[in-house]
Amino acid sequence: PGSVEAESALRTVCEALAKAACQTLDIEPGEVLAEFRPALTDQGALGHEVEIFLYDTLAGGAGFSTQLVPRAHQLFKRARELLADCPEQCDSSCYRCLRSFRNRMEHA
């Protein structure tokens, strides 16, 4: 908990889920984003569990994130594909797979 490695892994999963969500719903990149936080459990309070959540970026929400609930299997399958199969076969991430101008502060 709190390690650079955990932060990097969680940020990577968030980016993959957000990109997969936009592709699954065929919407513009960035209309759904993902973040993580300590889980609202006893283990989360100890730093052993986290929650990753998806949310709409439009003011008031457009309902995109709720449309993902019945498509969860498709969402996670697409996110896994993004993590496993970069078109450029990069070692960590690149602009073809997970990097974007929006997440530029996380590239290191």
# chains A, B, ... in the order shown; residues from 1 in each chain; ligands from 1
call {"tool": "select_by_dssp", "arguments": {"residues": "chain A", "states": "helix (DSSP H, G or I)", "output": "PyMOL selection string"}}
result
chain A and resi 4-25+42-45+64-67+69-84+104-106
call {"tool": "residues_around", "arguments": {"residues": "segment 80-82 of chain A", "least_positions_apart": "5", "cutoff": "12 Å", "atoms": "only C-alpha atoms", "output": "short mmCIF file (atom, residue, chain, number, x, y, z; two decimals) with all heavy atoms, in the first residue's frame"}}
result
data_model
loop_
_atom_site.label_atom_id
_atom_site.label_comp_id
_atom_site.auth_asym_id
_atom_site.auth_seq_id
_atom_site.Cartn_x
_atom_site.Cartn_y
_atom_site.Cartn_z
N THR A 12 -2.35 2.29 -14.17
CA THR A 12 -2.37 1.56 -15.44
C THR A 12 -3.72 0.88 -15.65
O THR A 12 -4.31 0.97 -16.74
CB THR A 12 -1.23 0.53 -15.49
OG1 THR A 12 0.01 1.22 -15.37
CG2 THR A 12 -1.26 -0.29 -16.77
N VAL A 13 -4.23 0.22 -14.62
CA VAL A 13 -5.53 -0.44 -14.72
C VAL A 13 -6.63 0.60 -14.96
O VAL A 13 -7.53 0.39 -15.79
CB VAL A 13 -5.82 -1.28 -13.47
CG1 VAL A 13 -7.25 -1.79 -13.46
CG2 VAL A 13 -4.85 -2.45 -13.39
N CYS A 14 -6.56 1.73 -14.28
CA CYS A 14 -7.55 2.80 -14.49
C CYS A 14 -7.54 3.29 -15.94
O CYS A 14 -8.59 3.46 -16.55
CB CYS A 14 -7.30 3.97 -13.54
SG CYS A 14 -7.79 3.67 -11.84
N GLU A 15 -6.35 3.51 -16.48
CA GLU A 15 -6.26 3.99 -17.86
C GLU A 15 -6.81 2.95 -18.83
O GLU A 15 -7.51 3.29 -19.79
CB GLU A 15 -4.81 4.34 -18.21
CG GLU A 15 -4.27 5.53 -17.47
CD GLU A 15 -5.01 6.83 -17.76
OE1 GLU A 15 -5.59 7.00 -18.86
OE2 GLU A 15 -5.04 7.68 -16.86
N ALA A 16 -6.51 1.68 -18.60
CA ALA A 16 -7.01 0.63 -19.48
C ALA A 16 -8.53 0.53 -19.40
O ALA A 16 -9.21 0.39 -20.43
CB ALA A 16 -6.37 -0.71 -19.12
N LEU A 17 -9.09 0.61 -18.20
CA LEU A 17 -10.54 0.54 -18.05
C LEU A 17 -11.24 1.74 -18.68
O LEU A 17 -12.28 1.59 -19.33
CB LEU A 17 -10.93 0.42 -16.57
CG LEU A 17 -10.69 -0.95 -15.95
CD1 LEU A 17 -10.86 -0.89 -14.43
CD2 LEU A 17 -11.64 -1.98 -16.55
N ALA A 18 -10.68 2.93 -18.51
CA ALA A 18 -11.29 4.12 -19.10
C ALA A 18 -11.27 4.05 -20.63
O ALA A 18 -12.28 4.34 -21.29
CB ALA A 18 -10.57 5.37 -18.61
N LYS A 19 -10.16 3.64 -21.18
CA LYS A 19 -10.07 3.54 -22.64
C LYS A 19 -10.99 2.43 -23.15
O LYS A 19 -11.70 2.61 -24.15
CB LYS A 19 -8.63 3.26 -23.07
CG LYS A 19 -8.43 3.27 -24.57
CD LYS A 19 -6.97 3.25 -24.95
CE LYS A 19 -6.79 3.38 -26.46
NZ LYS A 19 -5.38 3.48 -26.83
N ALA A 20 -11.03 1.31 -22.45
CA ALA A 20 -11.92 0.21 -22.83
C ALA A 20 -13.37 0.64 -22.73
O ALA A 20 -14.19 0.26 -23.59
CB ALA A 20 -11.66 -1.00 -21.94
N ALA A 21 -13.72 1.43 -21.74
CA ALA A 21 -15.10 1.91 -21.58
C ALA A 21 -15.50 2.75 -22.78
O ALA A 21 -16.59 2.56 -23.34
CB ALA A 21 -15.23 2.70 -20.28
N GLN A 23 -14.21 2.75 -25.77
CA GLN A 23 -14.27 1.92 -26.97
C GLN A 23 -15.51 1.02 -26.95
O GLN A 23 -16.16 0.83 -27.98
CB GLN A 23 -13.01 1.08 -27.10
CG GLN A 23 -11.79 1.91 -27.43
CD GLN A 23 -10.51 1.08 -27.49
OE1 GLN A 23 -10.48 -0.10 -27.17
NE2 GLN A 23 -9.43 1.74 -27.92
N HIS A 73 -18.51 -7.72 -18.66
CA HIS A 73 -17.63 -8.75 -19.22
C HIS A 73 -16.89 -8.22 -20.45
O HIS A 73 -15.67 -8.38 -20.57
CB HIS A 73 -18.42 -10.01 -19.58
CG HIS A 73 -17.58 -11.09 -20.16
ND1 HIS A 73 -16.73 -11.85 -19.39
CD2 HIS A 73 -17.42 -11.53 -21.44
CE1 HIS A 73 -16.09 -12.72 -20.16
NE2 HIS A 73 -16.50 -12.54 -21.41
N GLN A 74 -17.61 -7.55 -21.33
CA GLN A 74 -17.01 -6.96 -22.54
C GLN A 74 -16.00 -5.88 -22.15
O GLN A 74 -14.92 -5.78 -22.75
CB GLN A 74 -18.12 -6.37 -23.40
CG GLN A 74 -17.66 -5.81 -24.72
CD GLN A 74 -18.81 -5.20 -25.51
OE1 GLN A 74 -19.97 -5.22 -25.08
NE2 GLN A 74 -18.50 -4.66 -26.68
N LEU A 75 -16.33 -5.07 -21.15
CA LEU A 75 -15.43 -4.02 -20.68
C LEU A 75 -14.11 -4.59 -20.19
O LEU A 75 -13.04 -4.16 -20.60
CB LEU A 75 -16.11 -3.22 -19.56
CG LEU A 75 -15.20 -2.25 -18.79
CD1 LEU A 75 -14.78 -1.09 -19.68
CD2 LEU A 75 -15.90 -1.77 -17.54
N PRO A 87 -0.40 -2.25 -30.11
CA PRO A 87 -0.11 -2.31 -31.55
C PRO A 87 1.37 -2.08 -31.86
O PRO A 87 1.87 -2.57 -32.86
CB PRO A 87 -0.95 -1.19 -32.15
CG PRO A 87 -1.99 -0.89 -31.15
CD PRO A 87 -1.42 -1.24 -29.81
N GLU A 88 2.06 -1.33 -31.00
CA GLU A 88 3.49 -1.07 -31.19
C GLU A 88 4.37 -2.05 -30.42
O GLU A 88 5.59 -1.95 -30.46
CB GLU A 88 3.83 0.36 -30.76
CG GLU A 88 3.17 1.42 -31.60
CD GLU A 88 3.65 1.40 -33.04
OE1 GLU A 88 4.87 1.22 -33.29
OE2 GLU A 88 2.80 1.56 -33.94
N GLN A 89 3.74 -2.95 -29.66
CA GLN A 89 4.46 -3.93 -28.83
C GLN A 89 5.46 -3.24 -27.91
O GLN A 89 6.61 -3.68 -27.77
CB GLN A 89 5.12 -4.98 -29.70
CG GLN A 89 4.10 -5.75 -30.52
CD GLN A 89 4.73 -6.81 -31.40
OE1 GLN A 89 5.94 -6.84 -31.64
NE2 GLN A 89 3.90 -7.68 -31.91
N CYS A 90 5.01 -2.16 -27.25
CA CYS A 90 5.89 -1.40 -26.36
C CYS A 90 6.16 -2.18 -25.06
O CYS A 90 5.46 -3.14 -24.75
CB CYS A 90 5.29 -0.03 -26.05
SG CYS A 90 3.77 -0.10 -25.09
N SER A 92 6.21 -0.73 -21.88
CA SER A 92 5.43 -0.26 -20.73
C SER A 92 4.13 0.39 -21.19
O SER A 92 3.06 -0.12 -20.93
CB SER A 92 6.26 0.70 -19.89
OG SER A 92 6.71 1.79 -20.68
N SER A 93 4.21 1.50 -21.88
CA SER A 93 3.04 2.13 -22.48
C SER A 93 3.52 3.13 -23.53
O SER A 93 4.66 3.57 -23.51
CB SER A 93 2.20 2.85 -21.42
OG SER A 93 2.89 3.96 -20.90
N CYS A 94 2.60 3.44 -24.44
CA CYS A 94 2.92 4.41 -25.48
C CYS A 94 1.62 5.08 -25.90
O CYS A 94 0.55 4.77 -25.40
CB CYS A 94 3.60 3.72 -26.67
SG CYS A 94 2.53 2.62 -27.62
N TYR A 95 1.71 6.00 -26.84
CA TYR A 95 0.51 6.71 -27.30
C TYR A 95 -0.41 5.83 -28.13
O TYR A 95 -1.55 6.19 -28.37
CB TYR A 95 0.90 7.98 -28.07
CG TYR A 95 1.31 9.08 -27.14
CD1 TYR A 95 2.65 9.29 -26.82
CD2 TYR A 95 0.36 9.90 -26.55
CE1 TYR A 95 3.02 10.30 -25.95
CE2 TYR A 95 0.73 10.91 -25.67
CZ TYR A 95 2.06 11.10 -25.38
OH TYR A 95 2.42 12.09 -24.50
N ARG A 96 0.02 4.67 -28.54
CA ARG A 96 -0.85 3.75 -29.27
C ARG A 96 -1.69 2.91 -28.32
O ARG A 96 -2.76 2.42 -28.69
CB ARG A 96 -0.03 2.81 -30.15
CG ARG A 96 0.67 3.47 -31.33
CD ARG A 96 -0.27 3.94 -32.45
NE ARG A 96 -1.20 2.94 -32.94
CZ ARG A 96 -0.97 2.13 -33.94
NH1 ARG A 96 0.17 2.18 -34.60
NH2 ARG A 96 -1.88 1.27 -34.33
N CYS A 97 -1.22 2.74 -27.07
CA CYS A 97 -1.99 1.90 -26.14
C CYS A 97 -2.62 2.73 -25.01
O CYS A 97 -3.80 3.02 -25.05
CB CYS A 97 -1.18 0.72 -25.63
SG CYS A 97 0.35 1.11 -24.76
N LEU A 98 -1.86 3.15 -24.02
CA LEU A 98 -2.45 3.79 -22.83
C LEU A 98 -2.13 5.26 -22.64
O LEU A 98 -2.84 5.96 -21.93
CB LEU A 98 -2.03 3.03 -21.57
CG LEU A 98 -2.50 1.58 -21.48
CD1 LEU A 98 -2.00 0.94 -20.19
CD2 LEU A 98 -4.01 1.48 -21.56
N ARG A 99 -1.08 5.75 -23.24
CA ARG A 99 -0.72 7.15 -23.01
C ARG A 99 -1.60 8.11 -23.78
O ARG A 99 -2.07 7.79 -24.86
CB ARG A 99 0.74 7.40 -23.40
CG ARG A 99 1.71 6.75 -22.45
CD ARG A 99 3.12 7.12 -22.79
NE ARG A 99 4.02 6.41 -21.89
CZ ARG A 99 5.29 6.69 -21.76
NH1 ARG A 99 5.84 7.66 -22.48
NH2 ARG A 99 6.03 6.01 -20.92
#
call {"tool": "closest_residue", "arguments": {"among": "A:Asp91, A:Glu7, A:Glu106, A:Asp85", "to": "Pro38 of chain A", "atoms": "only C-alpha atoms"}}
result
A:Glu7
call {"tool": "atom_distance", "arguments": {"atom1": "atom CA of Ala9 of chain A", "atom2": "atom CA of Phe36 of chain A"}}
result
10.9 Å
call {"tool": "select_by_dssp", "arguments": {"residues": "segment 29-98 of chain A", "states": "strand (DSSP E or B)", "output": "list of chain:residue names"}}
result
A:Val32, A:Leu33, A:Ala34, A:Glu35, A:Phe36, A:Arg37, A:Pro38, A:Val50, A:Glu51, A:Ile52, A:Phe53, A:Leu54, A:Tyr55, A:Asp56
call {"tool": "write_last_selection", "arguments": {"atoms": "C-alpha atoms", "output": "PDB file, in the first residue's frame"}}
result
ATOM      1  CA  VAL A  32     -15.503   8.164 -19.212  1.00  0.00           C
ATOM      2  CA  LEU A  33     -12.547   8.153 -16.826  1.00  0.00           C
ATOM      3  CA  ALA A  34     -11.451   5.872 -13.999  1.00  0.00           C
ATOM      4  CA  GLU A  35      -9.888   6.538 -10.615  1.00  0.00           C
ATOM      5  CA  PHE A  36      -9.035   4.534  -7.540  1.00  0.00           C
ATOM      6  CA  ARG A  37      -9.354   5.077  -3.806  1.00  0.00           C
ATOM      7  CA  PRO A  38      -9.021   3.018  -0.631  1.00  0.00           C
ATOM      8  CA  VAL A  50      -8.846  -0.424  -3.261  1.00  0.00           C
ATOM      9  CA  GLU A  51     -11.862   0.432  -5.360  1.00  0.00           C
ATOM     10  CA  ILE A  52     -11.608   1.427  -8.984  1.00  0.00           C
ATOM     11  CA  PHE A  53     -14.559   3.428 -10.227  1.00  0.00           C
ATOM     12  CA  LEU A  54     -15.618   4.714 -13.629  1.00  0.00           C
ATOM     13  CA  TYR A  55     -17.384   8.036 -14.061  1.00  0.00           C
ATOM     14  CA  ASP A  56     -18.774  10.320 -16.760  1.00  0.00           C
TER      15      ASP A  56
END
call {"tool": "atom_distance", "arguments": {"atom1": "atom CA of Ile27 of chain A", "atom2": "atom CA of Ala84 of chain A"}}
result
22.2 Å
call {"tool": "closest_residue", "arguments": {"among": "A:Leu25, A:Leu10, A:Leu40, A:Val4", "to": "Val69 of chain A", "atoms": "only C-alpha atoms"}}
result
A:Leu25
